[in-house]
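Q: Got a file for you: coords.txt, compact mmCIF, C-alpha atoms and all ligand atoms.
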# COMPACT_ATOMS: atom_id res chain seq x y z
CA MET A 145 4.01 15.62 -6.77
CA SER A 146 3.82 17.07 -10.26
CA LYS A 147 0.74 16.97 -12.52
CA LEU A 148 2.59 14.61 -14.87
CA GLU A 149 3.40 12.22 -12.04
CA GLU A 150 -0.26 12.22 -10.99
CA LYS A 151 -1.32 11.58 -14.59
CA ALA A 152 1.22 8.74 -14.87
CA ILE A 153 -0.10 7.13 -11.69
CA LYS A 154 -3.70 7.34 -12.91
CA LEU A 155 -2.68 5.66 -16.17
CA LEU A 156 -0.63 2.98 -14.42
CA LEU A 157 -3.50 2.13 -12.09
CA LYS A 158 -5.49 1.08 -15.15
CA TYR A 159 -2.82 -1.59 -15.69
CA GLU A 160 -2.53 -2.69 -12.07
CA ASP A 161 -1.78 -6.33 -12.79
CA LYS A 162 0.80 -6.33 -15.58
CA GLY A 163 1.99 -2.73 -15.69
CA LEU A 164 3.01 -0.77 -18.77
CA LEU A 165 6.19 -0.57 -20.83
CA GLN A 166 7.93 2.75 -20.28
CA SER A 167 7.57 3.69 -23.95
CA GLU A 168 3.83 3.01 -23.84
CA LEU A 169 3.48 5.30 -20.85
CA TRP A 170 5.53 8.09 -22.48
CA HIS A 171 3.36 7.82 -25.57
CA LYS A 172 0.13 8.04 -23.54
CA LEU A 173 1.48 10.96 -21.51
CA GLY A 174 2.81 12.75 -24.60
CA VAL A 175 6.28 13.29 -23.15
CA THR A 176 9.80 12.55 -24.38
CA SER A 177 11.59 9.41 -23.22
CA ARG A 178 14.01 11.56 -21.23
CA GLU A 179 11.19 13.33 -19.42
CA GLY A 180 9.38 10.02 -18.97
CA SER A 181 12.45 8.32 -17.49
CA ARG A 182 12.72 11.06 -14.89
CA ILE A 183 9.08 10.52 -13.91
CA ALA A 184 9.56 6.74 -13.69
CA ILE A 185 12.64 7.08 -11.50
CA LYS A 186 10.83 9.52 -9.20
CA LEU A 187 7.85 7.17 -8.89
CA GLU A 188 10.18 4.27 -8.15
CA LYS A 189 11.97 6.24 -5.44
CA LYS A 190 8.60 7.03 -3.86
CA GLY A 191 7.73 3.32 -3.86
CA ILE A 192 4.81 3.79 -6.24
CA VAL A 193 6.15 1.63 -9.09
CA LYS A 194 8.64 -1.14 -9.63
CA ARG A 195 10.77 -0.88 -12.81
CA VAL A 196 11.25 -4.37 -14.18
CA LYS A 197 13.79 -5.01 -16.94
CA GLU A 198 12.14 -6.60 -19.98
CA PHE A 199 13.04 -7.46 -23.58
CA ALA A 200 10.26 -6.08 -25.77
CA LYS A 201 10.01 -4.84 -29.35
CA ASP A 202 13.61 -5.94 -30.10
CA ARG A 203 15.23 -4.06 -27.25
CA TRP A 204 15.73 -4.02 -23.53
CA THR A 205 13.39 -1.68 -21.74
CA ARG A 206 11.59 -1.37 -18.43
CA ARG A 207 8.08 -2.32 -17.47
CA LEU A 208 6.51 -0.08 -14.85
CA VAL A 209 4.48 -2.18 -12.45
CA PRO A 210 2.36 -0.28 -9.91
CA LEU A 211 3.00 -1.16 -6.28
CA ILE A 212 -0.13 0.66 -5.17
CA ARG A 213 -3.76 -0.25 -5.68
CA GLN A 214 -6.88 1.76 -6.22
CA VAL A 215 -9.08 1.91 -3.17
CA THR A 216 -12.83 1.89 -3.37
CA LEU A 217 -14.96 3.09 -0.51
CA GLY A 218 -17.87 0.83 -1.43
CA PRO A 219 -17.23 -1.83 1.25
CA ILE A 220 -17.30 0.75 4.08
CA LYS A 221 -20.16 2.81 2.71
CA GLY A 222 -22.68 3.44 5.46
CA ALA A 223 -20.33 2.48 8.30
CA PRO A 224 -21.25 4.32 11.51
CA CYS A 225 -17.70 5.31 12.52
CA PRO A 226 -17.10 8.41 10.31
CA SER A 227 -20.09 10.20 11.81
CA CYS A 228 -19.83 8.73 15.33
CA ILE A 229 -19.48 11.14 18.26
CA TYR A 230 -16.92 8.76 19.83
CA ASN A 231 -14.79 8.52 16.69
CA ASN A 232 -11.85 10.46 18.16
CA VAL A 233 -11.72 8.42 21.38
CA CYS A 234 -12.64 5.01 20.02
CA GLY A 235 -9.85 2.50 19.66
CA LYS A 236 -8.41 -0.79 20.75
CA GLN A 237 -7.31 0.62 24.09
CA GLY A 238 -9.68 3.56 24.33
CA THR A 239 -12.56 4.02 26.74
CA VAL A 240 -14.84 3.24 23.79
CA THR A 241 -13.86 0.26 21.68
CA PRO A 242 -15.19 -1.37 18.49
CA ASN A 243 -15.08 -4.70 20.35
CA THR A 244 -18.16 -3.75 22.36
CA CYS A 245 -19.82 -1.26 20.01
CA ILE A 246 -23.42 -2.13 19.21
CA TRP A 247 -23.52 0.27 16.21
CA ILE A 248 -20.60 -1.38 14.42
CA GLU A 249 -21.96 -4.81 15.29
CA GLU A 250 -25.36 -3.96 13.78
CA TRP A 251 -23.73 -2.49 10.68
CA VAL A 252 -21.50 -5.54 10.15
CA LEU A 253 -24.37 -7.96 10.64
CA SER A 254 -26.61 -6.05 8.24
CA HIS A 255 -23.87 -6.24 5.56
CA TYR A 256 -22.87 -9.83 6.18
CA ASN A 257 -24.19 -12.33 3.67
CA PRO A 258 -23.59 -15.81 5.03
CA PRO A 259 -22.77 -18.42 2.40
CA GLU A 260 -25.67 -20.60 1.43
CA ASN A 261 -25.80 -23.96 3.14
CA THR A 262 -25.00 -26.51 0.45
CA GLU A 263 -24.80 -29.57 2.68
CA GLY A 264 -28.55 -29.88 3.05
CA THR A 265 -28.54 -30.12 6.85
CA GLN A 266 -31.91 -30.14 8.55
CA ALA A 267 -32.95 -28.13 11.59
S1 LIG B 1 -16.74 1.45 16.63
FE1 LIG B 1 -18.64 2.29 17.41
S2 LIG B 1 -18.08 3.72 19.00
FE2 LIG B 1 -16.29 3.31 17.73
S3 LIG B 1 -16.28 4.93 16.21
FE3 LIG B 1 -17.31 3.17 15.32
S4 LIG B 1 -19.45 3.51 15.75
FE4 LIG B 1 -18.32 4.85 17.09
Would you mind writing the file out in structure tokens?
Ligand code: SF4
A:
Amino acid sequence: MSKLEEKAIKLLLKYEDKGLLQSELWHKLGVTSREGSRIAIKLEKKGIVKRVKEFAKDRWTRRLVPLIRQVTLGPIKGAPCPSCIYNNVCGKQGTVTPNTCIWIEEWVLSHYNPPENTEGTQA
């Protein structure tokens, strides 16, 4: 993947929901429309963007809508698995399984915030 493609993806991820018009992306990347079109076609072939035909600014153009999403590691921060000695043998059908793992159970329970009881039930 070229540096320009990477830069285009980073820009497009800022507009995850509605995407960007091709011309807006070319402008932000500082490339010609010809060069930009090549990038867009490559990204579409790789399944990274969808090129949607759109009438904008008095002409037909394409909107580039990202098909990928940014991933944050926040929700799995502190999970025991990455540093676990059984990591390479643990699995659904392995000798060690998350279904019976006390470490993952403790981690999940310590990160689980049950919804507040709004029905006012008494113990
Ligand atoms: S589920 Fe438990 S045993 Fe499996 S990798 Fe995670 S911490 Fe280790």
Q: Let me make sure I understand: among A:Cys225, A:Ile220, A:Ala152, A:Leu164, which one has the smallest atom-to-atom distance to Cys245 (chain A) if we use all atoms listed in the file?
A: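 Ranked by minimum distance to Cys245 (chain A), first place goes to A:Cys225.
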Q: Take CA of Leu211 (chain A) and CA of Gly235 (chain A) and report the distance between them in Å, one decimal.
A: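 For CA of Leu211 (chain A) relative to CA of Gly235 (chain A), the distance reads 29.2 Å.
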Q: Let me have all residues with an atom within 9 Å of ligand LIG 1 (chain B), counting all atoms listed in the file, laid out as an mmCIF file with C-alpha atoms, keeping the file's coordinate frame.
A:
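File written: out_31.cif
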data_model
loop_
_atom_site.group_PDB
_atom_site.id
_atom_site.type_symbol
_atom_site.label_atom_id
_atom_site.label_comp_id
_atom_site.auth_asym_id
_atom_site.auth_seq_id
_atom_site.Cartn_x
_atom_site.Cartn_y
_atom_site.Cartn_z
ATOM 1 C CA ALA A 223 -20.330 2.480 8.300
ATOM 2 C CA PRO A 224 -21.250 4.320 11.510
ATOM 3 C CA CYS A 225 -17.700 5.310 12.520
ATOM 4 C CA PRO A 226 -17.100 8.410 10.310
ATOM 5 C CA SER A 227 -20.090 10.200 11.810
ATOM 6 C CA CYS A 228 -19.830 8.730 15.330
ATOM 7 C CA ILE A 229 -19.480 11.140 18.260
ATOM 8 C CA TYR A 230 -16.920 8.760 19.830
ATOM 9 C CA ASN A 231 -14.790 8.520 16.690
ATOM 10 C CA ASN A 232 -11.850 10.460 18.160
ATOM 11 C CA VAL A 233 -11.720 8.420 21.380
ATOM 12 C CA CYS A 234 -12.640 5.010 20.020
ATOM 13 C CA GLY A 235 -9.850 2.500 19.660
ATOM 14 C CA VAL A 240 -14.840 3.240 23.790
ATOM 15 C CA THR A 241 -13.860 0.260 21.680
ATOM 16 C CA PRO A 242 -15.190 -1.370 18.490
ATOM 17 C CA ASN A 243 -15.080 -4.700 20.350
ATOM 18 C CA THR A 244 -18.160 -3.750 22.360
ATOM 19 C CA CYS A 245 -19.820 -1.260 20.010
ATOM 20 C CA ILE A 246 -23.420 -2.130 19.210
ATOM 21 C CA TRP A 247 -23.520 0.270 16.210
ATOM 22 C CA ILE A 248 -20.600 -1.380 14.420
ATOM 23 C CA GLU A 249 -21.960 -4.810 15.290
ATOM 24 C CA TRP A 251 -23.730 -2.490 10.680
#
Q: Contacts of Gly163 (chain A) at 12 Å or less, counting only C-alpha atoms, minus same-chain residues fewer than 4 places along, as JSON, numbers by chain?
A: {"A": [152, 153, 154, 155, 156, 157, 158, 159, 167, 168, 169, 192, 193, 194, 195, 196, 198, 206, 207, 208, 209, 210, 211, 212, 213]}
Q: Counting all atoms listed in the file, figure out which residue out of A:Lys221, A:Lys236, A:Arg182, A:Lys190 gets nearest to Gln166 (chain A).
A: A:Arg182
Q: Quick one: everything within 9 Å of Trp170 (chain A), counting only C-alpha atoms, minus sequence neighbours fewer than 3 positions away in the same chain. Send it as a list in words.
A: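 Counting only C-alpha atoms, the residues come to Ala152, Leu165, Gln166, Ser167, Leu173, Gly174, Val175, Thr176, Ser177, Glu179, Gly180 and Ser181 of chain A.
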Q: Pick out the closest residue to Val252 (chain A) from this set: A:Gly238, A:Gly222, A:Thr216, A:Lys197. Count only C-alpha atoms.
A: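 Closest to Val252 (chain A), using only C-alpha atoms: A:Gly222.
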Q: Near Met145 (chain A), within 10 Å and counting only C-alpha atoms, which residues show up once chain neighbours fewer than 3 positions away are dropped, as a PyMOL selection string?
A: chain A and resi 148-150+186-187
Q: Compare A:Ile183, A:Lys201, A:Gln214, A:Asp161 by their minimum atom-to-atom distance to Lys147 (chain A), counting only C-alpha atoms, and give me the closest one.
A: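 Comparing A:Ile183, A:Lys201, A:Gln214, A:Asp161 against Lys147 (chain A), the winner is A:Ile183.
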Q: Rounded to one decimal, what separation in Å do you get between CA of Glu260 (chain A) and CA of Val215 (chain A)?
A: 28.3 Å
Q: Rounded to one decimal, what separation in Å do you get between CA of Leu217 (chain A) and CA of Thr239 (chain A)?
A: 27.4 Å
Q: Build an axis-aligned box that encloses every atom of region 224-230 of chain A listed in the file, pad it by 8 Å on each side, and report its centre and edge lengths in Å to one decimal, as lines of an AutoDock Vina configuration file.
A:
center_x = -19.1
center_y = 7.7
center_z = 15.1
size_x = 20.3
size_y = 22.8
size_z = 25.5
